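> Sharing a structure below in structure tokens format, with a few things to ask.
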Amino acid sequence: MATSETTEPEKNPYAYLDRDDFTSERYKIEVRGLPKYYGIGEFKKLLNEKLELQICKIKPPKRSSGWIYVSFRNEESRQKAIEKLNGILWKNCKLNAQIAKPAPDPFIKRKLEEETERKRLKVDEDAQSISIEDKVKFTTTPLWDVPYSSQLELKQKEMRHILTNICNQMLNESRKDVLDWLKQQKEKYEGLPCELLPILSTEVTTGYRNKCEFTVGRSTEKNKVTIGFRLSSYAAGSTAVGPIDHLCHIPDKMKAVVKVLEEFMQDSELKPFEPVDHTGYWRQVTVRTTLGSDLMVIVAVHPQDLTSEKLDEIKSQLKQFFETGKGAEVHVTSLYFQIMNKKSADSKGGDNYFHISGTRYIEETLLGMKFRVSPQAFFQVNTIGAQELYKAAIDLAKPTADTALLDICCGTGTIALAFSKYCSEVFGVEVVEDAIKDAKENAVANQITNCEFFVGKAEDILSPIIHRTTKPDVIAVVDPPRAGLHQRALLSLRKARKLSRLIYVSCDPRAAAKNLVDLARPTSKQYIGEPLVPVKAVAVDMFPHTKHCELVLCLERLSAVRGDSDSTQ
């Protein structure tokens, strides 16, 4: 372990190692001698199954090969790994393992570099070429000063670029049948694997966000408690928080909540959480709104060493503030208190929510239906945009009365219930239990009887759910997290014989590329079932003034799009 270079933590890039909370840098080794070509999954299998090592994390170095970092939970596990790995022969390569130096704290390192640079150039520390307000704008809404029509053109062009890259990746991984068809598609659609429809948008481009997670910290100007967004990343050398007053995508009622809460926290004896040394308490404020008058506020603290009595006192103060104090003017309808525990080697951490005032959920209206939304439930952050998104998904899917729909990563059931009037059976899958409770309640509230919802990981429960379907035709809709669909869930979809069409909704099309390439791979021992290839795509701008955009793709079985009389599933 590195030793302190100075007694001042803010000037010691290794001070974080002396804290109690867990870091994967503390018990790290460096493994060298690896073969030129190997898979991370294969290496994990060697460590976990063959050598029975209890690894915590694997971290490949940037722009390098032949070696890798492996982290452990404690010194005993690290020493055991070094003993077992040293000299072992793997893929005809002799491995070597040794203790690795921990990485310096990127924030402290950057601050020290900046301090050295300032001294060298004698630059005034307070000199700024851009206002704090504009810094926040460029961080959160980088296209705020670009005409909206130009934003749509930029996003459509970006979607074309991403689809072109996906097409090329598919070609590289294909064999004759898929390869021939993809080549025809590429020629027909000018480099794309399928038709790309014109981008969809709504007339509402400001104040559209129905959920924001704000950081509690300190401003750069007066060092006062501020609720807003980080001016830059921790690694870039800043923990300062900027105001949200001038951000066009945040509704006024969210801004009003933030302003009154800032006053509450500025008057509090508790300080905001400090990411550098992990001291302080106020950490995050989440605000959820609806197109109606519902307003949910979740105030999160890092408990540190506060007693349960003190935490109850804070809850009571917040309750009084929003019910009878100055906070009453913003009309909060649902108030929660959240404890964001620190993570350690012996604790999984986790977030705990405590309802302290108002209703336990808020209610949103979408496509003529009502949806209740709990604190942890996923709901699209742009309600009006979500209506366009779901309409686009339905148009691409073309469901009929003989269709059973699988809604994977269903959240509160919005997609499932939107499809319910067009299908005979609908099954929703979601890992968040509260979201499934909401989905079931939403089905009852909207008098929908052909939907069933299941809680669990899609990769674990998808296969038995597919077997429950009684209809000859199955369509799946996946709206996975940013990282994409789990590989086991993807393989379950591929080998489901009844599945004819897959609608893939991606909030990060670049990250979705691997899923799409794997779905289109030729049939093999690993990729059982006929390939699912893209036939049509459409972008939906859910996030005006930002660079983000949703992409909806329709995939079908290769034999169907080629017009084959027989399927080779």
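Identifiers in the structure tokens: chain A, B, ... in order shown; residue index from 1 per chain; ligand index from 1 in order shown.
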Considering only strand (DSSP E) as DSSP defines it on the backbone, what residues of region 203-387 of chain A qualify? List them as a ChimeraX atom specification.

/A:211-218,225-230,241-242,282-289,295-301,334-340,351-358,362-366,369-373

> Set the distance at 10 Å and use only C-alpha atoms: which residues neighbour Leu196 (chain A) once local chain neighbours fewer than 4 positions away are removed? I'd like the list as a PyMOL selection string.

chain A and resi 156+159-160+163+189+192+535-539+551-553

> So which bits of region 240-474 of chain A end up helix (DSSP H, G or I) when you DSSP the backbone, as JSON, numbers by chain?

{"A": [252, 253, 254, 255, 256, 257, 258, 259, 260, 261, 262, 263, 264, 265, 266, 308, 309, 310, 311, 312, 313, 314, 315, 316, 317, 318, 319, 320, 321, 322, 323, 326, 327, 328, 329, 330, 383, 384, 385, 386, 387, 388, 389, 390, 391, 392, 393, 394, 395, 396, 397, 414, 415, 416, 417, 418, 419, 420, 421, 422, 433, 434, 435, 436, 437, 438, 439, 440, 441, 442, 443, 444, 445, 458, 459, 460, 461, 462, 463, 464, 465, 466, 467, 468]}

> Applying 10 Å and only C-alpha atoms, which residues near region 381-398 of chain A remain after dropping the ones on its own chain fewer than 5 positions away? List them as number ranges by chain.

A: 200-205, 207-212, 249, 288-291, 364-368, 403, 405, 414-416, 418-419, 422-423, 475-477, 500-505, 535-544, 550-556

> Give me the residues near Asn223 (chain A) as a PyMOL selection string, where near means some atom within 10 Å (using only C-alpha atoms) and where sequence neighbours in that chain fewer than 6 positions away do not count.

chain A and resi 217+240-241

> How about saving the chosen residues, all heavy atoms kept, as an mmCIF file, in the first residue's frame?


data_model
loop_
_atom_site.group_PDB
_atom_site.id
_atom_site.type_symbol
_atom_site.label_atom_id
_atom_site.label_comp_id
_atom_site.auth_asym_id
_atom_site.auth_seq_id
_atom_site.Cartn_x
_atom_site.Cartn_y
_atom_site.Cartn_z
ATOM 1 N N GLY A 217 -23.475 19.961 -3.582
ATOM 2 C CA GLY A 217 -22.058 20.268 -3.392
ATOM 3 C C GLY A 217 -21.864 21.736 -3.099
ATOM 4 O O GLY A 217 -22.743 22.378 -2.512
ATOM 5 N N ALA A 240 -16.840 20.927 -8.074
ATOM 6 C CA ALA A 240 -17.759 22.055 -7.944
ATOM 7 C C ALA A 240 -19.082 21.764 -8.637
ATOM 8 O O ALA A 240 -19.144 21.081 -9.650
ATOM 9 C CB ALA A 240 -17.123 23.310 -8.530
ATOM 10 N N VAL A 241 -20.148 22.319 -8.052
ATOM 11 C CA VAL A 241 -21.498 22.135 -8.581
ATOM 12 C C VAL A 241 -22.018 23.484 -9.072
ATOM 13 O O VAL A 241 -21.878 24.493 -8.388
ATOM 14 C CB VAL A 241 -22.438 21.559 -7.503
ATOM 15 C CG1 VAL A 241 -23.873 21.521 -7.986
ATOM 16 C CG2 VAL A 241 -21.967 20.160 -7.111
#

> Determine the nearest neighbour of Gly325 (chain A) from the options A:Leu51, A:Cys410, A:Leu261, A:Leu532, counting only C-alpha atoms.

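The answer is A:Leu261, which sits nearest to Gly325 (chain A).
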
> Using only C-alpha atoms, find the one residue out of A:Glu221, A:Asp180, A:Asp277, A:Asp20 that sits nearest to Leu558 (chain A).

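Ranked by minimum distance to Leu558 (chain A), first place goes to A:Asp180.
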
> I want to know what sits within 9 Å of region 90-107 of chain A, based on only C-alpha atoms, with residues of the same chain fewer than 4 positions away left out; could you give that as number ranges by chain?

A: 1-2, 12-17, 24-35, 38, 46, 69-70, 78-79, 81-86, 111-112, 233-239, 276

> May I ask which of the residues A:Lys183, A:Arg488, A:Lys514, A:Lys259 is the closest one to Asp245 (chain A), counting only C-alpha atoms?

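Closest to Asp245 (chain A), using only C-alpha atoms: A:Lys259.
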
> Skipping near chain neighbours, those fewer than 2 positions away, what residues fall within 12 Å of Gly280 (chain A) using only C-alpha atoms, listed as a count of residues only?

27

> Just the number, please: distance in Å from CA of Lys437 (chain A) to CA of Ser308 (chain A), one decimal.

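About the pair CA of Lys437 (chain A) and CA of Ser308 (chain A): they are 28.7 Å apart.
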
> Residues within 12 Å of Pro147 (chain A), please, as a PDB file with N, CA, C and O atoms, in the first residue's frame. Count only C-alpha atoms; anything in the same chain fewer than 4 positions from it doesn't count.


ATOM      1  N   LEU A 143     -26.030  21.386 -26.885  1.00  0.00           N
ATOM      2  CA  LEU A 143     -26.586  21.932 -28.133  1.00  0.00           C
ATOM      3  C   LEU A 143     -27.590  23.057 -27.867  1.00  0.00           C
ATOM      4  O   LEU A 143     -28.392  23.398 -28.737  1.00  0.00           O
ATOM      5  N   GLN A 151     -30.264  20.582 -34.871  1.00  0.00           N
ATOM      6  CA  GLN A 151     -30.017  19.484 -33.931  1.00  0.00           C
ATOM      7  C   GLN A 151     -30.538  18.168 -34.511  1.00  0.00           C
ATOM      8  O   GLN A 151     -29.862  17.129 -34.432  1.00  0.00           O
ATOM      9  N   LEU A 152     -31.729  18.216 -35.099  1.00  0.00           N
ATOM     10  CA  LEU A 152     -32.312  16.997 -35.680  1.00  0.00           C
ATOM     11  C   LEU A 152     -31.475  16.489 -36.843  1.00  0.00           C
ATOM     12  O   LEU A 152     -31.277  15.275 -36.994  1.00  0.00           O
ATOM     13  N   GLU A 153     -30.965  17.396 -37.651  1.00  0.00           N
ATOM     14  CA  GLU A 153     -30.105  16.995 -38.774  1.00  0.00           C
ATOM     15  C   GLU A 153     -28.829  16.329 -38.264  1.00  0.00           C
ATOM     16  O   GLU A 153     -28.382  15.309 -38.812  1.00  0.00           O
ATOM     17  N   LEU A 154     -28.244  16.914 -37.210  1.00  0.00           N
ATOM     18  CA  LEU A 154     -27.027  16.341 -36.625  1.00  0.00           C
ATOM     19  C   LEU A 154     -27.280  14.937 -36.100  1.00  0.00           C
ATOM     20  O   LEU A 154     -26.464  14.023 -36.309  1.00  0.00           O
ATOM     21  N   THR A 205     -39.806  21.168 -26.727  1.00  0.00           N
ATOM     22  CA  THR A 205     -38.349  20.979 -26.670  1.00  0.00           C
ATOM     23  C   THR A 205     -37.720  21.609 -25.434  1.00  0.00           C
ATOM     24  O   THR A 205     -36.511  21.500 -25.239  1.00  0.00           O
ATOM     25  N   PRO A 544     -33.921  16.782 -26.492  1.00  0.00           N
ATOM     26  CA  PRO A 544     -33.531  18.011 -27.189  1.00  0.00           C
ATOM     27  C   PRO A 544     -32.438  18.779 -26.442  1.00  0.00           C
ATOM     28  O   PRO A 544     -32.377  18.750 -25.209  1.00  0.00           O
ATOM     29  N   HIS A 545     -31.569  19.412 -27.218  1.00  0.00           N
ATOM     30  CA  HIS A 545     -30.467  20.249 -26.731  1.00  0.00           C
ATOM     31  C   HIS A 545     -29.297  19.445 -26.161  1.00  0.00           C
ATOM     32  O   HIS A 545     -28.336  20.012 -25.675  1.00  0.00           O
TER      33      HIS A 545
END
